[in-house]
$ cat entry_18.txt   # compact mmCIF, C-alpha atoms
# COMPACT_ATOMS: atom_id res chain seq x y z
CA MET H 16 -9.53 -47.52 18.56
CA THR H 17 -10.82 -44.16 19.77
CA ILE H 18 -9.78 -40.50 19.66
CA ASP H 19 -8.80 -40.87 23.33
CA ASP H 20 -6.42 -43.70 22.36
CA LEU H 21 -4.74 -41.45 19.79
CA GLN H 22 -4.46 -38.58 22.26
CA ASP H 23 -2.95 -40.88 24.90
CA PHE H 24 -0.30 -42.11 22.49
CA VAL H 25 0.59 -38.56 21.39
CA VAL H 26 1.12 -37.53 25.03
CA LEU H 27 3.25 -40.62 25.65
CA TYR H 28 5.25 -39.92 22.49
CA GLN H 29 5.92 -36.35 23.61
CA THR H 30 6.90 -37.19 27.20
CA ARG H 31 8.75 -40.44 26.41
CA ASN H 32 7.93 -41.56 29.93
CA VAL H 33 4.98 -43.72 30.98
CA SER H 34 4.87 -42.25 34.49
CA ASP H 35 4.90 -38.62 33.30
CA ALA H 36 2.36 -39.35 30.59
CA ALA H 37 0.04 -41.06 33.08
CA VAL H 38 0.19 -38.03 35.38
CA GLU H 39 -0.61 -35.64 32.49
CA LEU H 40 -3.48 -37.87 31.38
CA MET H 41 -4.72 -38.26 34.97
CA MET H 42 -4.68 -42.07 34.88
CA THR H 43 -2.58 -44.83 36.45
CA GLN H 44 0.58 -46.14 34.79
CA SER H 45 -1.02 -49.57 34.67
CA ALA H 46 -4.10 -48.27 32.85
CA LEU H 47 -1.96 -46.38 30.33
CA SER H 48 0.26 -49.38 29.71
CA LYS H 49 -2.78 -51.60 29.15
CA ARG H 50 -4.25 -49.06 26.71
CA ILE H 51 -1.04 -48.91 24.66
CA GLN H 52 -0.81 -52.70 24.67
CA ALA H 53 -4.40 -52.98 23.44
CA MET H 54 -3.57 -50.55 20.61
CA GLU H 55 -0.53 -52.60 19.66
CA ASN H 56 -2.59 -55.80 19.64
CA GLY H 57 -5.25 -54.15 17.48
CA LEU H 58 -2.65 -52.88 15.01
CA SER H 59 -0.48 -56.00 15.13
CA ALA H 60 2.50 -53.69 15.51
CA LYS H 61 4.88 -52.75 18.28
CA LEU H 62 4.67 -48.99 18.95
CA ILE H 63 7.05 -48.62 21.91
CA SER H 64 9.88 -50.49 23.54
CA THR H 65 10.26 -50.47 27.32
CA LYS H 66 13.38 -52.62 27.51
CA ASN H 67 15.28 -49.62 28.79
CA LYS H 68 13.47 -48.84 32.05
CA ARG H 69 14.88 -45.30 32.20
CA HIS H 70 14.09 -44.29 28.66
CA LEU H 71 11.09 -45.27 26.55
CA VAL H 72 11.92 -45.92 22.87
CA ILE H 73 9.47 -45.26 20.03
CA THR H 74 9.68 -47.93 17.36
CA GLU H 75 9.64 -47.25 13.63
CA SER H 76 5.99 -48.33 13.60
CA GLY H 77 5.37 -45.96 16.51
CA GLU H 78 6.88 -43.04 14.57
CA THR H 79 4.57 -43.74 11.64
CA PHE H 80 1.59 -44.13 13.94
CA PHE H 81 2.39 -40.80 15.63
CA ARG H 82 2.39 -38.89 12.33
CA TYR H 83 -1.02 -40.23 11.38
CA ALA H 84 -2.37 -39.78 14.92
CA GLU H 85 -1.41 -36.08 14.87
CA THR H 86 -3.09 -35.60 11.48
CA ILE H 87 -6.27 -37.35 12.62
CA LEU H 88 -6.41 -35.34 15.86
CA THR H 89 -5.94 -32.06 13.97
CA GLN H 90 -8.75 -32.94 11.57
CA TYR H 91 -10.95 -34.04 14.46
CA GLN H 92 -10.41 -30.70 16.21
CA LEU H 93 -11.33 -28.84 13.01
CA LEU H 94 -14.45 -31.00 12.72
CA THR H 95 -15.59 -30.36 16.29
CA ASN H 96 -14.91 -26.62 15.94
CA GLU H 97 -16.98 -26.38 12.77
CA LEU H 98 -19.84 -28.38 14.27
CA ALA H 99 -19.78 -26.05 17.29
CA GLU H 100 -19.97 -23.07 14.91
CA TYR H 101 -23.03 -24.51 13.21
CA ARG H 102 -24.69 -25.19 16.57
CA GLU H 103 -24.18 -21.55 17.51
CA LEU H 104 -25.37 -20.37 14.09
CA LYS H 105 -28.66 -22.21 14.58
CA LYS H 106 -29.53 -19.92 17.45
CA GLY H 107 -27.79 -16.83 16.05
CA THR H 108 -29.30 -13.36 16.03
CA LEU H 109 -27.86 -10.18 14.54
CA HIS H 110 -28.84 -6.57 15.14
CA ILE H 111 -27.27 -4.44 12.39
CA GLY H 112 -27.42 -0.67 12.04
CA SER H 113 -26.51 1.09 8.80
CA VAL H 114 -26.45 4.55 7.36
CA PRO H 115 -28.95 4.58 4.42
CA VAL H 116 -26.59 3.17 1.78
CA MET H 117 -27.22 -0.59 1.80
CA SER H 118 -28.75 -0.75 -1.68
CA GLN H 119 -26.36 1.65 -3.42
CA TYR H 120 -23.28 -0.32 -2.37
CA GLY H 121 -24.69 -3.79 -3.07
CA LEU H 122 -24.89 -4.64 0.62
CA MET H 123 -28.62 -5.31 0.60
CA GLU H 124 -28.15 -7.90 -2.13
CA LYS H 125 -25.40 -9.60 -0.14
CA THR H 126 -27.49 -9.47 3.03
CA SER H 127 -30.45 -11.03 1.22
CA ARG H 128 -28.24 -13.86 -0.05
CA PHE H 129 -26.86 -14.36 3.46
CA MET H 130 -30.39 -14.59 4.86
CA ALA H 131 -31.29 -17.16 2.19
CA ASP H 132 -28.19 -19.26 2.96
CA TYR H 133 -28.61 -18.98 6.74
CA PRO H 134 -32.37 -18.79 7.37
CA GLN H 135 -31.85 -19.91 10.97
CA ILE H 136 -30.15 -16.58 11.79
CA ASN H 137 -32.58 -13.88 12.85
CA ILE H 138 -31.46 -10.52 11.39
CA ARG H 139 -32.78 -7.15 12.49
CA LEU H 140 -31.59 -4.39 10.16
CA GLU H 141 -32.12 -0.70 10.92
CA GLU H 142 -31.24 2.29 8.74
CA LEU H 143 -30.06 5.09 11.02
CA GLU H 144 -28.44 8.50 10.84
CA GLY H 145 -24.78 8.51 11.76
CA ASP H 146 -25.01 10.09 15.20
CA GLU H 147 -27.70 7.65 16.35
CA LEU H 148 -25.75 4.73 14.89
CA LEU H 149 -22.61 5.77 16.76
CA ASP H 150 -24.55 6.05 20.02
CA MET H 151 -26.08 2.59 19.60
CA LEU H 152 -22.68 1.06 18.83
CA GLN H 153 -21.11 2.68 21.89
CA THR H 154 -23.94 1.52 24.15
CA LYS H 155 -23.75 -2.00 22.66
CA GLN H 156 -27.28 -1.95 21.30
CA LEU H 157 -25.94 -3.13 17.91
CA ASP H 158 -23.85 -6.14 16.95
CA LEU H 159 -22.58 -4.48 13.76
CA GLY H 160 -22.64 -1.06 12.16
CA VAL H 161 -22.22 0.04 8.53
CA LEU H 162 -21.00 3.62 8.32
CA ARG H 163 -18.47 5.90 6.68
CA ASN H 164 -15.02 6.32 8.16
CA MET H 165 -15.59 10.09 8.61
CA GLN H 166 -18.20 8.95 11.17
CA SER H 167 -16.46 5.86 12.56
CA GLN H 168 -13.31 7.88 13.34
CA LEU H 169 -15.24 9.28 16.30
CA LEU H 170 -15.20 5.82 17.91
CA ASN H 171 -12.43 4.62 20.24
CA LYS H 172 -10.05 2.62 18.03
CA SER H 173 -9.04 0.37 20.93
CA GLN H 174 -12.64 -0.68 21.53
CA PHE H 175 -13.85 -1.33 17.98
CA GLN H 176 -12.83 -3.30 14.91
CA PHE H 177 -13.01 -1.51 11.54
CA ILE H 178 -13.18 -3.30 8.17
CA ASP H 179 -13.15 -1.33 4.90
CA ILE H 180 -15.76 -2.65 2.47
CA ASP H 181 -15.98 0.09 -0.17
CA LYS H 182 -14.60 3.46 -1.26
CA ASP H 183 -16.45 6.44 -2.69
CA GLU H 184 -15.83 10.02 -3.80
CA LEU H 185 -17.65 13.05 -2.44
CA LYS H 186 -19.08 15.04 -5.35
CA VAL H 187 -20.67 18.40 -5.93
CA ILE H 188 -24.10 17.79 -7.49
CA LEU H 189 -25.44 20.59 -9.70
CA PRO H 190 -28.30 21.17 -12.11
CA VAL H 191 -27.07 20.78 -15.68
CA THR H 192 -28.00 24.45 -16.22
CA HIS H 193 -25.85 25.71 -13.31
CA PRO H 194 -22.98 28.05 -14.33
CA LEU H 195 -20.47 25.84 -12.49
CA ALA H 196 -21.64 22.76 -14.44
CA LYS H 197 -19.32 23.79 -17.27
CA GLN H 198 -16.27 23.24 -15.05
CA LYS H 199 -14.60 19.84 -14.73
CA ARG H 200 -13.67 20.46 -11.09
CA ILE H 201 -15.04 22.72 -8.39
CA SER H 202 -12.93 24.72 -5.94
CA MET H 203 -14.18 25.95 -2.59
CA SER H 204 -13.80 29.54 -3.79
CA ASP H 205 -16.25 28.70 -6.61
CA LEU H 206 -18.85 27.92 -3.93
CA HIS H 207 -18.40 31.12 -1.92
CA ASP H 208 -21.77 32.71 -2.77
CA VAL H 209 -23.65 29.58 -3.84
CA ASP H 210 -26.74 28.41 -1.94
CA VAL H 211 -26.43 24.89 -0.56
CA VAL H 212 -28.89 22.15 0.40
CA SER H 213 -27.59 19.19 2.37
CA LEU H 214 -28.33 15.93 4.07
CA ASN H 215 -29.11 16.39 7.75
CA PRO H 216 -26.55 16.84 10.55
CA GLY H 217 -25.36 13.37 11.55
CA SER H 218 -25.22 12.23 7.94
CA GLY H 219 -21.47 12.67 7.85
CA ILE H 220 -21.70 14.69 4.66
CA TYR H 221 -23.08 17.68 6.56
CA GLU H 222 -20.08 17.57 8.91
CA GLN H 223 -17.58 16.93 6.10
CA VAL H 224 -18.86 19.88 4.07
CA GLY H 225 -18.83 22.09 7.17
CA LYS H 226 -15.12 21.34 7.64
CA LEU H 227 -14.37 22.13 4.00
CA TYR H 228 -16.04 25.53 4.28
CA GLN H 229 -14.34 26.21 7.61
CA GLN H 230 -10.94 25.43 6.09
CA ALA H 231 -11.76 27.73 3.17
CA GLY H 232 -12.52 30.52 5.63
CA PHE H 233 -16.22 31.12 5.04
CA THR H 234 -19.63 29.80 6.08
CA PRO H 235 -21.86 27.76 3.73
CA ASN H 236 -25.23 29.20 2.74
CA ILE H 237 -27.18 26.09 3.81
CA ARG H 238 -30.82 26.75 2.91
CA PHE H 239 -32.36 23.34 3.56
CA THR H 240 -31.53 19.95 5.07
CA THR H 241 -33.25 16.59 4.68
CA THR H 242 -32.65 12.87 5.07
CA HIS H 243 -33.74 12.11 1.49
CA ILE H 244 -31.54 12.34 -1.60
CA GLU H 245 -34.59 12.61 -3.90
CA THR H 246 -35.72 15.70 -1.99
CA LEU H 247 -32.29 17.32 -2.33
CA LEU H 248 -32.26 16.80 -6.09
CA GLY H 249 -35.79 18.13 -6.38
CA ILE H 250 -34.79 21.32 -4.58
CA ILE H 251 -31.69 22.03 -6.70
CA GLU H 252 -33.31 21.15 -10.04
CA LYS H 253 -33.54 24.18 -12.37
CA SER H 254 -31.93 26.40 -9.76
CA GLU H 255 -28.48 27.73 -8.90
CA ARG H 256 -28.29 25.71 -5.70
CA VAL H 257 -25.93 22.77 -5.22
CA THR H 258 -25.70 19.77 -2.94
CA PHE H 259 -23.01 17.29 -1.96
CA LEU H 260 -23.32 13.51 -2.21
CA PHE H 261 -21.12 10.47 -2.48
CA GLU H 262 -21.03 9.30 -6.08
CA LYS H 263 -22.38 5.78 -5.56
CA SER H 264 -25.12 7.01 -3.21
CA ALA H 265 -26.27 9.58 -5.75
CA GLU H 266 -25.99 7.36 -8.84
CA PRO H 267 -29.47 5.72 -8.64
CA PHE H 268 -31.13 9.15 -8.43
CA MET H 269 -29.15 10.99 -11.10
CA THR H 270 -30.90 11.97 -14.35
CA ALA H 271 -29.97 14.07 -17.35
CA GLN H 272 -31.07 17.11 -15.32
CA PHE H 273 -28.00 16.86 -13.06
CA VAL H 274 -24.22 16.59 -13.27
CA SER H 275 -21.64 15.64 -10.65
CA ARG H 276 -18.26 17.30 -10.36
CA SER H 277 -15.20 16.44 -8.30
CA PHE H 278 -13.66 18.91 -5.90
CA GLU H 279 -10.45 20.54 -7.05
CA THR H 280 -8.70 18.12 -4.72
CA PRO H 281 -10.84 14.94 -4.89
CA ILE H 282 -12.26 13.80 -1.54
CA TYR H 283 -12.61 10.09 -0.89
CA ASN H 284 -14.23 8.22 1.95
CA LYS H 285 -14.45 4.56 3.00
CA LEU H 286 -17.54 2.59 3.91
CA GLN H 287 -16.81 0.34 6.88
CA LEU H 288 -18.17 -2.55 8.91
CA VAL H 289 -17.69 -1.68 12.59
CA TYR H 290 -18.20 -3.86 15.67
CA PRO H 291 -17.03 -3.97 19.31
CA GLN H 292 -13.69 -5.68 19.87
CA GLY H 293 -13.98 -9.26 21.10
CA GLU H 294 -17.78 -9.31 21.29
CA LEU H 295 -18.83 -10.49 17.82
CA THR H 296 -20.93 -13.66 17.89
CA GLN H 297 -20.39 -16.61 15.57
CA ALA H 298 -23.35 -15.41 13.50
CA GLY H 299 -21.72 -11.98 13.33
CA ARG H 300 -18.36 -13.39 12.27
CA ARG H 301 -20.03 -15.43 9.55
CA PHE H 302 -21.90 -12.31 8.33
CA VAL H 303 -18.70 -10.25 8.22
CA LYS H 304 -16.90 -12.90 6.17
CA TYR H 305 -19.87 -13.16 3.86
CA ILE H 306 -20.12 -9.40 3.27
CA VAL H 307 -16.39 -8.98 2.73
CA SER H 308 -16.03 -11.95 0.38
CA GLY H 309 -19.57 -12.20 -0.99
CA THR H 310 -19.58 -15.98 -0.48
CA LYS H 311 -20.37 -18.47 2.26
CA ARG H 312 -16.73 -19.09 3.11
$ encode --input "entry_18.txt" --output "structure tokens"
Amino acid sequence: MTIDDLQDFVVLYQTRNVSDAAVELMMTQSALSKRIQAMENGLSAKLISTKNKRHLVITESGETFFRYAETILTQYQLLTNELAEYRELKKGTLHIGSVPVMSQYGLMEKTSRFMADYPQINIRLEELEGDELLDMLQTKQLDLGVLRNMQSQLLNKSQFQFIDIDKDELKVILPVTHPLAKQKRISMSDLHDVDVVSLNPGSGIYEQVGKLYQQAGFTPNIRFTTTHIETLLGIIEKSERVTFLFEKSAEPFMTAQFVSRSFETPIYNKLQLVYPQGELTQAGRRFVKYIVSGTKR
């Protein structure tokens, strides 16, 4: 008995008419009748009764057979789908762009485990500034992007899928000797005459801080910008300058020489996986599930 035999019987069961079932299966009535008879002979059980020429009757054995046939066909479909997924994974490639936060949020560790579990998938990972990452996502040069929602909100929501993978708080980073370091929280008015150093435009933080100052009604005294957190901390150390960083991003670089303080109204941001709607490959879907759950499945 074959999968085709089971499928033929299910169609016959649903139509309750040999002629209609034969048309749906694109075979002759005679061929379908012979196939059902062969199944009955192989099972030593009567599955249908055709005594009533106008209405086919399913026997008790036929009802039982139908239930098992449906279960087997469902499992078979799941099997073929999964095998197709693995065939596609064998030739999978992924081009991923990320703002420079993969290590701080544990994503590099997860990516390394994914690469070990799926060595057949070729992964190209680039760390990019936010504006370049957005451009490459919009021009479909990337399969996936990892960026903060203050950056991803610039993308068309109808064209992209957004998955939250972490949450972080924007902090004011100060030297431990700074006068404001004694405060538990920092207001924007506290920063009115304070010199600032910042991550570069396109980092998201630069734009976020600019909005905060704009809302407060004054312009930040930005003295220096860079792409490197270590450089920022080196510049503010033993000075009265401050910088702004997300807590988890800053954590690996913080020493006893620095403190972090929340804004008077704490500011939170989400880290997201972003990809074009309807264009994610099987390798990409597997990677997304892996990053979100941290496991193969």
$ atom_distance --input "entry_18.txt" --atom1 "atom CA of Phe81 of chain H" --atom2 "atom CA of Asp35 of chain H"
18.0 Å
$ residues_around --input "entry_18.txt" --residues "Ile180 of chain H" --least-positions-apart "3" --cutoff "7 Å" --atoms "all atoms listed in the file" --output "PDB file with C-alpha atoms, in the coordinates of the input"
ATOM      1  CA  LEU H 286     -17.540   2.590   3.910  1.00  0.00           C
ATOM      2  CA  GLN H 287     -16.810   0.340   6.880  1.00  0.00           C
ATOM      3  CA  LEU H 288     -18.170  -2.550   8.910  1.00  0.00           C
ATOM      4  CA  VAL H 307     -16.390  -8.980   2.730  1.00  0.00           C
TER       5      VAL H 307
END
$ atom_distance --input "entry_18.txt" --atom1 "atom CA of Glu39 of chain H" --atom2 "atom CA of Gln90 of chain H"
22.6 Å
$ residues_around --input "entry_18.txt" --residues "Met203 of chain H" --least-positions-apart "4" --cutoff "12 Å" --atoms "only C-alpha atoms" --output "VMD selection string"
chain H and resid 187 195 207 to 209 224 to 235 277 to 281
$ residues_around --input "entry_18.txt" --residues "Asp23 of chain H" --least-positions-apart "4" --cutoff "10 Å" --atoms "only C-alpha atoms" --output "MDAnalysis selection string"
chainID H and resid 17:19 27:28 36:37 39:40 47 50:51
$ residues_around --input "entry_18.txt" --residues "segment 263-275 of chain H" --least-positions-apart "5" --cutoff "12 Å" --atoms "all atoms listed in the file" --output "PyMOL selection string"
chain H and resi 114-121+163+181-201+214+220+243-258+283-286
$ atom_distance --input "entry_18.txt" --atom1 "atom CA of Leu149 of chain H" --atom2 "atom CA of Leu169 of chain H"
8.2 Å
$ closest_residue --input "entry_18.txt" --among "H:Val161, H:Leu170, H:Leu143, H:Val289" --to "Leu122 of chain H" --atoms "all atoms listed in the file"
H:Val161
